[in-house]
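Participant: My file is upload.csv. It has CSV, N, CA, C and O atoms:
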```csv
chain,number,residue,atom,x,y,z
A,1,MET,N,-5.1,-0.8,1.8
A,1,MET,CA,-5.3,0.4,1.2
A,1,MET,C,-6.6,0.4,0.4
A,1,MET,O,-6.9,-0.5,-0.3
A,2,GLN,N,-7.4,1.4,0.7
A,2,GLN,CA,-8.7,1.4,0.0
A,2,GLN,C,-8.9,2.7,-0.7
A,2,GLN,O,-8.4,3.8,-0.3
A,3,ASN,N,-9.5,2.6,-1.9
A,3,ASN,CA,-9.9,3.8,-2.6
A,3,ASN,C,-10.9,4.6,-1.7
A,3,ASN,O,-11.8,3.9,-1.1
A,4,PRO,N,-10.8,5.9,-1.6
A,4,PRO,CA,-11.8,6.6,-0.7
A,4,PRO,C,-13.2,6.6,-1.2
A,4,PRO,O,-14.1,7.0,-0.5
A,5,GLY,N,-13.4,6.0,-2.4
A,5,GLY,CA,-14.8,5.9,-2.9
A,5,GLY,C,-15.0,6.7,-4.2
A,5,GLY,O,-14.2,7.6,-4.4
A,6,PRO,N,-16.0,6.3,-5.0
A,6,PRO,CA,-16.1,7.0,-6.3
A,6,PRO,C,-16.5,8.5,-6.2
A,6,PRO,O,-16.2,9.2,-7.1
A,7,LEU,N,-17.0,8.9,-5.1
A,7,LEU,CA,-17.4,10.3,-5.0
A,7,LEU,C,-16.4,11.1,-4.2
A,7,LEU,O,-16.5,12.3,-4.1
A,8,VAL,N,-15.3,10.5,-3.7
A,8,VAL,CA,-14.3,11.2,-3.0
A,8,VAL,C,-13.0,11.1,-3.8
A,8,VAL,O,-12.4,10.1,-3.9
A,9,PRO,N,-12.6,12.3,-4.4
A,9,PRO,CA,-11.4,12.2,-5.2
A,9,PRO,C,-10.1,12.1,-4.4
A,9,PRO,O,-10.1,12.5,-3.2
A,10,PHE,N,-9.1,11.5,-5.0
A,10,PHE,CA,-7.8,11.5,-4.3
A,10,PHE,C,-7.2,12.8,-4.4
A,10,PHE,O,-7.4,13.6,-5.4
A,11,THR,N,-6.5,13.2,-3.4
A,11,THR,CA,-5.5,14.3,-3.5
A,11,THR,C,-4.2,13.7,-3.9
A,11,THR,O,-4.0,12.5,-3.9
A,12,ILE,N,-3.3,14.6,-4.3
A,12,ILE,CA,-2.0,14.0,-4.7
A,12,ILE,C,-1.4,13.3,-3.5
A,12,ILE,O,-0.8,12.3,-3.6
A,13,ARG,N,-1.5,13.9,-2.3
A,13,ARG,CA,-1.0,13.3,-1.1
A,13,ARG,C,-1.6,12.0,-0.8
A,13,ARG,O,-0.9,11.0,-0.5
A,14,SER,N,-2.9,11.9,-0.8
A,14,SER,CA,-3.6,10.7,-0.5
A,14,SER,C,-3.3,9.6,-1.5
A,14,SER,O,-3.2,8.4,-1.2
A,15,LEU,N,-3.2,10.0,-2.8
A,15,LEU,CA,-2.8,9.0,-3.8
A,15,LEU,C,-1.4,8.5,-3.6
A,15,LEU,O,-1.1,7.3,-3.7
A,16,ALA,N,-0.5,9.4,-3.3
A,16,ALA,CA,0.9,9.0,-3.0
A,16,ALA,C,0.9,8.0,-1.8
A,16,ALA,O,1.6,7.0,-1.8
A,17,GLU,N,0.2,8.3,-0.7
A,17,GLU,CA,0.2,7.5,0.4
A,17,GLU,C,-0.4,6.1,0.1
A,17,GLU,O,0.1,5.1,0.6
A,18,ALA,N,-1.5,6.1,-0.6
A,18,ALA,CA,-2.2,4.9,-0.9
A,18,ALA,C,-1.4,4.0,-1.9
A,18,ALA,O,-1.5,2.7,-1.8
A,19,SER,N,-0.7,4.6,-2.8
A,19,SER,CA,0.0,3.8,-3.9
A,19,SER,C,1.4,3.5,-3.5
A,19,SER,O,2.0,2.6,-4.1
A,20,GLY,N,2.0,4.4,-2.7
A,20,GLY,CA,3.4,4.2,-2.4
A,20,GLY,C,4.3,4.9,-3.4
A,20,GLY,O,5.5,4.8,-3.4
A,21,VAL,N,3.7,5.6,-4.4
A,21,VAL,CA,4.4,6.4,-5.4
A,21,VAL,C,4.8,7.8,-4.8
A,21,VAL,O,3.9,8.4,-4.1
A,22,LYS,N,6.0,8.3,-5.1
A,22,LYS,CA,6.4,9.6,-4.5
A,22,LYS,C,5.5,10.7,-5.0
A,22,LYS,O,5.0,10.7,-6.1
A,23,ARG,N,5.2,11.6,-4.1
A,23,ARG,CA,4.3,12.7,-4.4
A,23,ARG,C,4.8,13.5,-5.6
A,23,ARG,O,4.1,13.9,-6.5
A,24,GLY,N,6.1,13.7,-5.6
A,24,GLY,CA,6.7,14.5,-6.7
A,24,GLY,C,6.5,13.8,-8.1
A,24,GLY,O,6.3,14.5,-9.1
A,25,THR,N,6.6,12.5,-8.1
A,25,THR,CA,6.3,11.8,-9.3
A,25,THR,C,4.9,12.0,-9.8
A,25,THR,O,4.7,12.3,-11.0
A,26,ILE,N,4.0,11.9,-8.9
A,26,ILE,CA,2.6,12.1,-9.3
A,26,ILE,C,2.3,13.5,-9.8
A,26,ILE,O,1.7,13.7,-10.8
A,27,GLU,N,2.9,14.5,-9.1
A,27,GLU,CA,2.7,15.9,-9.5
A,27,GLU,C,3.3,16.1,-10.9
A,27,GLU,O,2.7,16.8,-11.7
A,28,ARG,N,4.5,15.6,-11.2
A,28,ARG,CA,5.1,15.8,-12.5
A,28,ARG,C,4.3,15.1,-13.6
A,28,ARG,O,4.2,15.6,-14.7
A,29,LEU,N,3.7,13.9,-13.3
A,29,LEU,CA,2.9,13.2,-14.3
A,29,LEU,C,1.6,14.0,-14.5
A,29,LEU,O,1.2,14.1,-15.7
A,30,LEU,N,1.1,14.6,-13.5
A,30,LEU,CA,-0.2,15.4,-13.7
A,30,LEU,C,0.1,16.7,-14.5
A,30,LEU,O,-0.8,17.1,-15.3
A,31,ASN,N,1.2,17.3,-14.2
A,31,ASN,CA,1.4,18.6,-14.9
A,31,ASN,C,2.1,18.4,-16.2
A,31,ASN,O,2.4,19.4,-16.9
A,32,GLY,N,2.5,17.2,-16.6
A,32,GLY,CA,3.1,16.9,-17.9
A,32,GLY,C,4.6,17.1,-18.0
A,32,GLY,O,5.1,17.0,-19.1
A,33,THR,N,5.3,17.5,-16.9
A,33,THR,CA,6.7,17.6,-17.0
A,33,THR,C,7.4,16.2,-17.0
A,33,THR,O,8.6,16.2,-17.4
A,34,GLN,N,6.7,15.2,-16.6
A,34,GLN,CA,7.2,13.8,-16.7
A,34,GLN,C,6.2,13.1,-17.5
A,34,GLN,O,5.0,13.0,-17.2
A,35,ARG,N,6.6,12.4,-18.6
A,35,ARG,CA,5.7,11.8,-19.5
A,35,ARG,C,5.6,10.3,-19.3
A,35,ARG,O,4.8,9.6,-19.9
A,36,THR,N,6.6,9.7,-18.6
A,36,THR,CA,6.7,8.3,-18.4
A,36,THR,C,6.8,8.0,-16.9
A,36,THR,O,7.1,8.9,-16.1
A,37,ALA,N,6.5,6.7,-16.6
A,37,ALA,CA,6.6,6.3,-15.2
A,37,ALA,C,7.3,5.0,-15.1
A,37,ALA,O,7.1,4.2,-16.1
A,38,ASP,N,8.0,4.7,-14.1
A,38,ASP,CA,8.5,3.4,-13.8
A,38,ASP,C,7.4,2.4,-13.8
A,38,ASP,O,6.3,2.7,-13.4
A,39,VAL,N,7.6,1.2,-14.3
A,39,VAL,CA,6.5,0.2,-14.5
A,39,VAL,C,5.9,-0.1,-13.1
A,39,VAL,O,4.7,-0.3,-13.0
A,40,ASP,N,6.7,-0.2,-12.1
A,40,ASP,CA,6.2,-0.5,-10.7
A,40,ASP,C,5.3,0.7,-10.2
A,40,ASP,O,4.2,0.4,-9.6
A,41,ASP,N,5.7,1.9,-10.5
A,41,ASP,CA,4.9,3.1,-10.1
A,41,ASP,C,3.6,3.1,-10.9
A,41,ASP,O,2.5,3.3,-10.4
A,42,ALA,N,3.7,2.8,-12.2
A,42,ALA,CA,2.5,2.8,-13.1
A,42,ALA,C,1.5,1.7,-12.6
A,42,ALA,O,0.3,2.0,-12.5
A,43,ILE,N,2.0,0.5,-12.3
A,43,ILE,CA,1.1,-0.5,-11.8
A,43,ILE,C,0.5,-0.1,-10.4
A,43,ILE,O,-0.7,-0.3,-10.2
A,44,ALA,N,1.3,0.4,-9.6
A,44,ALA,CA,0.8,0.8,-8.2
A,44,ALA,C,-0.3,1.9,-8.4
A,44,ALA,O,-1.4,1.8,-7.7
A,45,LEU,N,-0.1,2.9,-9.3
A,45,LEU,CA,-1.1,3.9,-9.4
A,45,LEU,C,-2.4,3.3,-10.0
A,45,LEU,O,-3.5,3.6,-9.6
A,46,ALA,N,-2.3,2.5,-11.0
A,46,ALA,CA,-3.5,1.8,-11.6
A,46,ALA,C,-4.2,1.0,-10.6
A,46,ALA,O,-5.5,1.1,-10.6
A,47,GLU,N,-3.5,0.2,-9.9
A,47,GLU,CA,-4.2,-0.6,-8.9
A,47,GLU,C,-4.9,0.2,-7.8
A,47,GLU,O,-6.0,-0.1,-7.4
A,48,THR,N,-4.2,1.2,-7.4
A,48,THR,CA,-4.8,2.1,-6.3
A,48,THR,C,-6.1,2.8,-6.9
A,48,THR,O,-7.1,2.9,-6.1
A,49,LEU,N,-6.0,3.2,-8.1
A,49,LEU,CA,-7.2,3.9,-8.7
A,49,LEU,C,-8.3,2.9,-9.2
A,49,LEU,O,-9.4,3.3,-9.5
A,50,GLY,N,-7.9,1.6,-9.2
A,50,GLY,CA,-8.9,0.6,-9.6
A,50,GLY,C,-9.2,0.6,-11.1
A,50,GLY,O,-10.3,0.3,-11.5
A,51,VAL,N,-8.2,0.9,-11.9
A,51,VAL,CA,-8.3,1.0,-13.3
A,51,VAL,C,-7.2,0.2,-14.0
A,51,VAL,O,-6.2,-0.2,-13.4
A,52,SER,N,-7.4,-0.1,-15.3
A,52,SER,CA,-6.4,-0.8,-16.1
A,52,SER,C,-5.2,0.2,-16.3
A,52,SER,O,-5.5,1.4,-16.3
A,53,ILE,N,-4.1,-0.3,-16.5
A,53,ILE,CA,-2.9,0.6,-16.7
A,53,ILE,C,-3.0,1.3,-18.1
A,53,ILE,O,-2.5,2.4,-18.2
A,54,ASN,N,-3.6,0.7,-19.1
A,54,ASN,CA,-3.7,1.3,-20.4
A,54,ASN,C,-4.3,2.7,-20.5
A,54,ASN,O,-3.7,3.6,-21.1
A,55,PRO,N,-5.4,3.0,-19.9
A,55,PRO,CA,-6.0,4.3,-20.0
A,55,PRO,C,-5.1,5.4,-19.3
A,55,PRO,O,-5.1,6.5,-19.7
A,56,LEU,N,-4.3,5.0,-18.4
A,56,LEU,CA,-3.4,6.0,-17.7
A,56,LEU,C,-2.2,6.3,-18.5
A,56,LEU,O,-1.7,7.4,-18.5
A,57,PHE,N,-1.6,5.3,-19.1
A,57,PHE,CA,-0.3,5.5,-19.7
A,57,PHE,C,-0.2,5.2,-21.2
A,57,PHE,O,0.9,5.4,-21.8
A,58,ALA,N,-1.3,4.9,-21.9
A,58,ALA,CA,-1.3,4.6,-23.3
A,58,ALA,C,-1.2,6.0,-24.0
A,58,ALA,O,-1.8,7.0,-23.6
A,59,PRO,N,-0.5,6.0,-25.1
A,59,PRO,CA,-0.4,7.3,-25.9
A,59,PRO,C,-1.8,7.6,-26.4
A,59,PRO,O,-2.6,6.8,-26.8
A,60,PRO,N,-2.1,8.9,-26.4
A,60,PRO,CA,-3.5,9.3,-27.0
A,60,PRO,C,-3.5,9.0,-28.4
A,60,PRO,O,-2.5,9.0,-29.2
A,61,SER,N,-4.7,8.7,-28.9
A,61,SER,CA,-4.9,8.5,-30.3
A,61,SER,C,-4.9,9.8,-31.0
A,61,SER,O,-5.2,10.9,-30.5
A,62,SER,N,-4.4,9.8,-32.2
A,62,SER,CA,-4.2,11.0,-33.0
A,62,SER,C,-5.6,11.6,-33.4
A,62,SER,O,-6.5,10.9,-33.8
A,63,PRO,N,-5.8,12.9,-33.2
A,63,PRO,CA,-7.1,13.5,-33.5
A,63,PRO,C,-7.2,13.6,-35.0
A,63,PRO,O,-8.3,13.8,-35.6
A,64,LYS,N,-6.1,13.6,-35.7
A,64,LYS,CA,-6.1,13.7,-37.2
A,64,LYS,C,-6.0,12.3,-37.8
A,64,LYS,O,-5.2,11.5,-37.4
A,65,SER,N,-6.8,12.1,-38.8
A,65,SER,CA,-6.7,10.8,-39.5
A,65,SER,C,-5.4,10.8,-40.4
A,65,SER,O,-5.1,11.8,-41.0
A,66,ILE,N,-4.8,9.7,-40.5
A,66,ILE,CA,-3.5,9.6,-41.3
A,66,ILE,C,-3.9,9.2,-42.7
A,66,ILE,O,-4.5,8.2,-42.9
A,67,ARG,N,-3.6,10.1,-43.6
A,67,ARG,CA,-3.9,9.8,-45.0
A,67,ARG,C,-2.6,9.7,-45.8
A,67,ARG,O,-1.9,10.6,-45.8
A,68,THR,N,-2.4,8.5,-46.4
A,68,THR,CA,-1.1,8.3,-47.1
A,68,THR,C,-1.2,8.8,-48.5
A,68,THR,O,-0.2,9.2,-49.1
A,69,SER,N,-2.4,8.8,-49.1
A,69,SER,CA,-2.6,9.3,-50.5
A,69,SER,C,-4.0,9.7,-50.7
A,69,SER,O,-4.9,9.3,-49.9
A,70,ARG,N,-4.2,10.5,-51.6
A,70,ARG,CA,-5.5,11.0,-51.9
A,70,ARG,C,-5.7,10.8,-53.4
A,70,ARG,O,-5.0,11.3,-54.2
A,71,LEU,N,-6.8,10.1,-53.7
A,71,LEU,CA,-7.1,9.9,-55.1
A,71,LEU,C,-8.3,10.8,-55.5
A,71,LEU,O,-9.4,10.7,-54.9
A,72,ASP,N,-8.0,11.7,-56.4
A,72,ASP,CA,-9.0,12.6,-56.9
A,72,ASP,C,-9.7,11.9,-58.0
A,72,ASP,O,-9.1,11.5,-59.0
A,73,THR,N,-11.0,11.7,-57.9
A,73,THR,CA,-11.7,11.1,-59.0
A,73,THR,C,-12.4,12.2,-59.8
A,73,THR,O,-13.0,13.2,-59.2
A,74,PRO,N,-12.2,12.2,-61.1
A,74,PRO,CA,-12.8,13.2,-61.9
A,74,PRO,C,-14.3,13.1,-61.9
A,74,PRO,O,-14.9,12.0,-61.7
A,75,THR,N,-14.9,14.3,-61.9
A,75,THR,CA,-16.4,14.3,-61.9
A,75,THR,C,-16.8,14.4,-63.4
A,75,THR,O,-16.2,15.1,-64.2
A,76,SER,N,-17.9,13.7,-63.7
A,76,SER,CA,-18.4,13.8,-65.1
A,76,SER,C,-19.5,14.9,-65.1
A,76,SER,O,-20.3,15.0,-64.2
A,77,GLU,N,-19.5,15.6,-66.2
A,77,GLU,CA,-20.5,16.6,-66.3
A,77,GLU,C,-21.4,16.2,-67.5
A,77,GLU,O,-21.0,15.9,-68.5
A,78,GLU,N,-22.7,16.1,-67.2
A,78,GLU,CA,-23.6,15.6,-68.2
A,78,GLU,C,-24.6,16.7,-68.5
A,78,GLU,O,-24.9,17.6,-67.9
```
Would you put the structure from the file into structure tokens?
Facilitator:
Amino acid sequence: MQNPGPLVPFTIRSLAEASGVKRGTIERLLNGTQRTADVDDAIALAETLGVSINPLFAPPSSPKSIRTSRLDTPTSEE
């Protein structure tokens, strides 16, 4: 199985054929109705795409910074 190349994108069908992952699984992952994947499917997709598994399935970082407390420092007027 070979990646069709960096300039040729996979279709859902070609990715399913190349990875052995069911087409429906790939479609649900892409449209967000399925948020997780079986570990074997995740590895197969990552290997087929030639990437690490982390960028594909790691949770996104929060766009908001988490602040547990805020210290207001008084300003001095001179």
Participant: I'd like the interatomic distance between CA of Asn54 (chain A) and atom O of Phe10 (chain A), to a tenth of an Å.
Facilitator: 19.7 Å
Participant: Need the shell around Leu56 (chain A): protein/DNA/RNA residues with any atom at most 8 Å away, counting all atoms listed in the file. Skip same-chain ones fewer than 2 positions apart. Format as a list in words?
Facilitator: Leu29, Arg35, Ala42, Ala46, Val51, Ser52, Ile53, Asn54, Ala58 and Pro59 of chain A
Participant: Give me, please, the distance in Å between atom O of Ser19 (chain A) and atom C of Gly50 (chain A), quoted to one decimal.
Facilitator: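 Pair atom O of Ser19 (chain A) / atom C of Gly50 (chain A) returns 13.4 Å.
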Participant: One decimal, in Å: what's the spacing between atom N of Gly32 (chain A) and atom C of Phe57 (chain A)?
Facilitator: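 Separating atom N of Gly32 (chain A) from atom C of Phe57 (chain A) is a distance of 13.1 Å.
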Participant: List as a ChimeraX atom specification the protein and nucleic acid residues near Leu15 (chain A), meaning an atom at most 10 Å away when only C-alpha atoms are counted, but skip any in the same chain fewer than 4 places from it.
Facilitator: /A:3-4,9-11,19-23,26,44-45,48-49
Participant: For the structure I just gave you, how does DSSP split region 8-61 of chain A - specifically, which residues are helix (DSSP H, G or I)? Reply as a PDB file with N, CA, C and O atoms, keeping the file's coordinate frame.
Facilitator:
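Saved to states22.pdb:
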```pdb
ATOM      1  N   ILE A  12      -3.300  14.600  -4.300  1.00  0.00           N
ATOM      2  CA  ILE A  12      -2.000  14.000  -4.700  1.00  0.00           C
ATOM      3  C   ILE A  12      -1.400  13.300  -3.500  1.00  0.00           C
ATOM      4  O   ILE A  12      -0.800  12.300  -3.600  1.00  0.00           O
ATOM      5  N   ARG A  13      -1.500  13.900  -2.300  1.00  0.00           N
ATOM      6  CA  ARG A  13      -1.000  13.300  -1.100  1.00  0.00           C
ATOM      7  C   ARG A  13      -1.600  12.000  -0.800  1.00  0.00           C
ATOM      8  O   ARG A  13      -0.900  11.000  -0.500  1.00  0.00           O
ATOM      9  N   SER A  14      -2.900  11.900  -0.800  1.00  0.00           N
ATOM     10  CA  SER A  14      -3.600  10.700  -0.500  1.00  0.00           C
ATOM     11  C   SER A  14      -3.300   9.600  -1.500  1.00  0.00           C
ATOM     12  O   SER A  14      -3.200   8.400  -1.200  1.00  0.00           O
ATOM     13  N   LEU A  15      -3.200  10.000  -2.800  1.00  0.00           N
ATOM     14  CA  LEU A  15      -2.800   9.000  -3.800  1.00  0.00           C
ATOM     15  C   LEU A  15      -1.400   8.500  -3.600  1.00  0.00           C
ATOM     16  O   LEU A  15      -1.100   7.300  -3.700  1.00  0.00           O
ATOM     17  N   ALA A  16      -0.500   9.400  -3.300  1.00  0.00           N
ATOM     18  CA  ALA A  16       0.900   9.000  -3.000  1.00  0.00           C
ATOM     19  C   ALA A  16       0.900   8.000  -1.800  1.00  0.00           C
ATOM     20  O   ALA A  16       1.600   7.000  -1.800  1.00  0.00           O
ATOM     21  N   GLU A  17       0.200   8.300  -0.700  1.00  0.00           N
ATOM     22  CA  GLU A  17       0.200   7.500   0.400  1.00  0.00           C
ATOM     23  C   GLU A  17      -0.400   6.100   0.100  1.00  0.00           C
ATOM     24  O   GLU A  17       0.100   5.100   0.600  1.00  0.00           O
ATOM     25  N   ALA A  18      -1.500   6.100  -0.600  1.00  0.00           N
ATOM     26  CA  ALA A  18      -2.200   4.900  -0.900  1.00  0.00           C
ATOM     27  C   ALA A  18      -1.400   4.000  -1.900  1.00  0.00           C
ATOM     28  O   ALA A  18      -1.500   2.700  -1.800  1.00  0.00           O
ATOM     29  N   SER A  19      -0.700   4.600  -2.800  1.00  0.00           N
ATOM     30  CA  SER A  19       0.000   3.800  -3.900  1.00  0.00           C
ATOM     31  C   SER A  19       1.400   3.500  -3.500  1.00  0.00           C
ATOM     32  O   SER A  19       2.000   2.600  -4.100  1.00  0.00           O
ATOM     33  N   ARG A  23       5.200  11.600  -4.100  1.00  0.00           N
ATOM     34  CA  ARG A  23       4.300  12.700  -4.400  1.00  0.00           C
ATOM     35  C   ARG A  23       4.800  13.500  -5.600  1.00  0.00           C
ATOM     36  O   ARG A  23       4.100  13.900  -6.500  1.00  0.00           O
ATOM     37  N   GLY A  24       6.100  13.700  -5.600  1.00  0.00           N
ATOM     38  CA  GLY A  24       6.700  14.500  -6.700  1.00  0.00           C
ATOM     39  C   GLY A  24       6.500  13.800  -8.100  1.00  0.00           C
ATOM     40  O   GLY A  24       6.300  14.500  -9.100  1.00  0.00           O
ATOM     41  N   THR A  25       6.600  12.500  -8.100  1.00  0.00           N
ATOM     42  CA  THR A  25       6.300  11.800  -9.300  1.00  0.00           C
ATOM     43  C   THR A  25       4.900  12.000  -9.800  1.00  0.00           C
ATOM     44  O   THR A  25       4.700  12.300 -11.000  1.00  0.00           O
ATOM     45  N   ILE A  26       4.000  11.900  -8.900  1.00  0.00           N
ATOM     46  CA  ILE A  26       2.600  12.100  -9.300  1.00  0.00           C
ATOM     47  C   ILE A  26       2.300  13.500  -9.800  1.00  0.00           C
ATOM     48  O   ILE A  26       1.700  13.700 -10.800  1.00  0.00           O
ATOM     49  N   GLU A  27       2.900  14.500  -9.100  1.00  0.00           N
ATOM     50  CA  GLU A  27       2.700  15.900  -9.500  1.00  0.00           C
ATOM     51  C   GLU A  27       3.300  16.100 -10.900  1.00  0.00           C
ATOM     52  O   GLU A  27       2.700  16.800 -11.700  1.00  0.00           O
ATOM     53  N   ARG A  28       4.500  15.600 -11.200  1.00  0.00           N
ATOM     54  CA  ARG A  28       5.100  15.800 -12.500  1.00  0.00           C
ATOM     55  C   ARG A  28       4.300  15.100 -13.600  1.00  0.00           C
ATOM     56  O   ARG A  28       4.200  15.600 -14.700  1.00  0.00           O
ATOM     57  N   LEU A  29       3.700  13.900 -13.300  1.00  0.00           N
ATOM     58  CA  LEU A  29       2.900  13.200 -14.300  1.00  0.00           C
ATOM     59  C   LEU A  29       1.600  14.000 -14.500  1.00  0.00           C
ATOM     60  O   LEU A  29       1.200  14.100 -15.700  1.00  0.00           O
ATOM     61  N   LEU A  30       1.100  14.600 -13.500  1.00  0.00           N
ATOM     62  CA  LEU A  30      -0.200  15.400 -13.700  1.00  0.00           C
ATOM     63  C   LEU A  30       0.100  16.700 -14.500  1.00  0.00           C
ATOM     64  O   LEU A  30      -0.800  17.100 -15.300  1.00  0.00           O
ATOM     65  N   ASN A  31       1.200  17.300 -14.200  1.00  0.00           N
ATOM     66  CA  ASN A  31       1.400  18.600 -14.900  1.00  0.00           C
ATOM     67  C   ASN A  31       2.100  18.400 -16.200  1.00  0.00           C
ATOM     68  O   ASN A  31       2.400  19.400 -16.900  1.00  0.00           O
ATOM     69  N   VAL A  39       7.600   1.200 -14.300  1.00  0.00           N
ATOM     70  CA  VAL A  39       6.500   0.200 -14.500  1.00  0.00           C
ATOM     71  C   VAL A  39       5.900  -0.100 -13.100  1.00  0.00           C
ATOM     72  O   VAL A  39       4.700  -0.300 -13.000  1.00  0.00           O
ATOM     73  N   ASP A  40       6.700  -0.200 -12.100  1.00  0.00           N
ATOM     74  CA  ASP A  40       6.200  -0.500 -10.700  1.00  0.00           C
ATOM     75  C   ASP A  40       5.300   0.700 -10.200  1.00  0.00           C
ATOM     76  O   ASP A  40       4.200   0.400  -9.600  1.00  0.00           O
ATOM     77  N   ASP A  41       5.700   1.900 -10.500  1.00  0.00           N
ATOM     78  CA  ASP A  41       4.900   3.100 -10.100  1.00  0.00           C
ATOM     79  C   ASP A  41       3.600   3.100 -10.900  1.00  0.00           C
ATOM     80  O   ASP A  41       2.500   3.300 -10.400  1.00  0.00           O
ATOM     81  N   ALA A  42       3.700   2.800 -12.200  1.00  0.00           N
ATOM     82  CA  ALA A  42       2.500   2.800 -13.100  1.00  0.00           C
ATOM     83  C   ALA A  42       1.500   1.700 -12.600  1.00  0.00           C
ATOM     84  O   ALA A  42       0.300   2.000 -12.500  1.00  0.00           O
ATOM     85  N   ILE A  43       2.000   0.500 -12.300  1.00  0.00           N
ATOM     86  CA  ILE A  43       1.100  -0.500 -11.800  1.00  0.00           C
ATOM     87  C   ILE A  43       0.500  -0.100 -10.400  1.00  0.00           C
ATOM     88  O   ILE A  43      -0.700  -0.300 -10.200  1.00  0.00           O
ATOM     89  N   ALA A  44       1.300   0.400  -9.600  1.00  0.00           N
ATOM     90  CA  ALA A  44       0.800   0.800  -8.200  1.00  0.00           C
ATOM     91  C   ALA A  44      -0.300   1.900  -8.400  1.00  0.00           C
ATOM     92  O   ALA A  44      -1.400   1.800  -7.700  1.00  0.00           O
ATOM     93  N   LEU A  45      -0.100   2.900  -9.300  1.00  0.00           N
ATOM     94  CA  LEU A  45      -1.100   3.900  -9.400  1.00  0.00           C
ATOM     95  C   LEU A  45      -2.400   3.300 -10.000  1.00  0.00           C
ATOM     96  O   LEU A  45      -3.500   3.600  -9.600  1.00  0.00           O
ATOM     97  N   ALA A  46      -2.300   2.500 -11.000  1.00  0.00           N
ATOM     98  CA  ALA A  46      -3.500   1.800 -11.600  1.00  0.00           C
ATOM     99  C   ALA A  46      -4.200   1.000 -10.600  1.00  0.00           C
ATOM    100  O   ALA A  46      -5.500   1.100 -10.600  1.00  0.00           O
ATOM    101  N   GLU A  47      -3.500   0.200  -9.900  1.00  0.00           N
ATOM    102  CA  GLU A  47      -4.200  -0.600  -8.900  1.00  0.00           C
ATOM    103  C   GLU A  47      -4.900   0.200  -7.800  1.00  0.00           C
ATOM    104  O   GLU A  47      -6.000  -0.100  -7.400  1.00  0.00           O
ATOM    105  N   THR A  48      -4.200   1.200  -7.400  1.00  0.00           N
ATOM    106  CA  THR A  48      -4.800   2.100  -6.300  1.00  0.00           C
ATOM    107  C   THR A  48      -6.100   2.800  -6.900  1.00  0.00           C
ATOM    108  O   THR A  48      -7.100   2.900  -6.100  1.00  0.00           O
ATOM    109  N   LEU A  49      -6.000   3.200  -8.100  1.00  0.00           N
ATOM    110  CA  LEU A  49      -7.200   3.900  -8.700  1.00  0.00           C
ATOM    111  C   LEU A  49      -8.300   2.900  -9.200  1.00  0.00           C
ATOM    112  O   LEU A  49      -9.400   3.300  -9.500  1.00  0.00           O
ATOM    113  N   ILE A  53      -4.100  -0.300 -16.500  1.00  0.00           N
ATOM    114  CA  ILE A  53      -2.900   0.600 -16.700  1.00  0.00           C
ATOM    115  C   ILE A  53      -3.000   1.300 -18.100  1.00  0.00           C
ATOM    116  O   ILE A  53      -2.500   2.400 -18.200  1.00  0.00           O
ATOM    117  N   ASN A  54      -3.600   0.700 -19.100  1.00  0.00           N
ATOM    118  CA  ASN A  54      -3.700   1.300 -20.400  1.00  0.00           C
ATOM    119  C   ASN A  54      -4.300   2.700 -20.500  1.00  0.00           C
ATOM    120  O   ASN A  54      -3.700   3.600 -21.100  1.00  0.00           O
ATOM    121  N   PRO A  55      -5.400   3.000 -19.900  1.00  0.00           N
ATOM    122  CA  PRO A  55      -6.000   4.300 -20.000  1.00  0.00           C
ATOM    123  C   PRO A  55      -5.100   5.400 -19.300  1.00  0.00           C
ATOM    124  O   PRO A  55      -5.100   6.500 -19.700  1.00  0.00           O
ATOM    125  N   LEU A  56      -4.300   5.000 -18.400  1.00  0.00           N
ATOM    126  CA  LEU A  56      -3.400   6.000 -17.700  1.00  0.00           C
ATOM    127  C   LEU A  56      -2.200   6.300 -18.500  1.00  0.00           C
ATOM    128  O   LEU A  56      -1.700   7.400 -18.500  1.00  0.00           O
ATOM    129  N   PHE A  57      -1.600   5.300 -19.100  1.00  0.00           N
ATOM    130  CA  PHE A  57      -0.300   5.500 -19.700  1.00  0.00           C
ATOM    131  C   PHE A  57      -0.200   5.200 -21.200  1.00  0.00           C
ATOM    132  O   PHE A  57       0.900   5.400 -21.800  1.00  0.00           O
TER     133      PHE A  57
END
```
Participant: Between A:Ile12, A:Arg28, A:Pro55, A:Ser61, which one has atoms that come closest to Ile43 (chain A), using only C-alpha atoms?
Facilitator: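 Comparing A:Ile12, A:Arg28, A:Pro55, A:Ser61 against Ile43 (chain A), the winner is A:Pro55.
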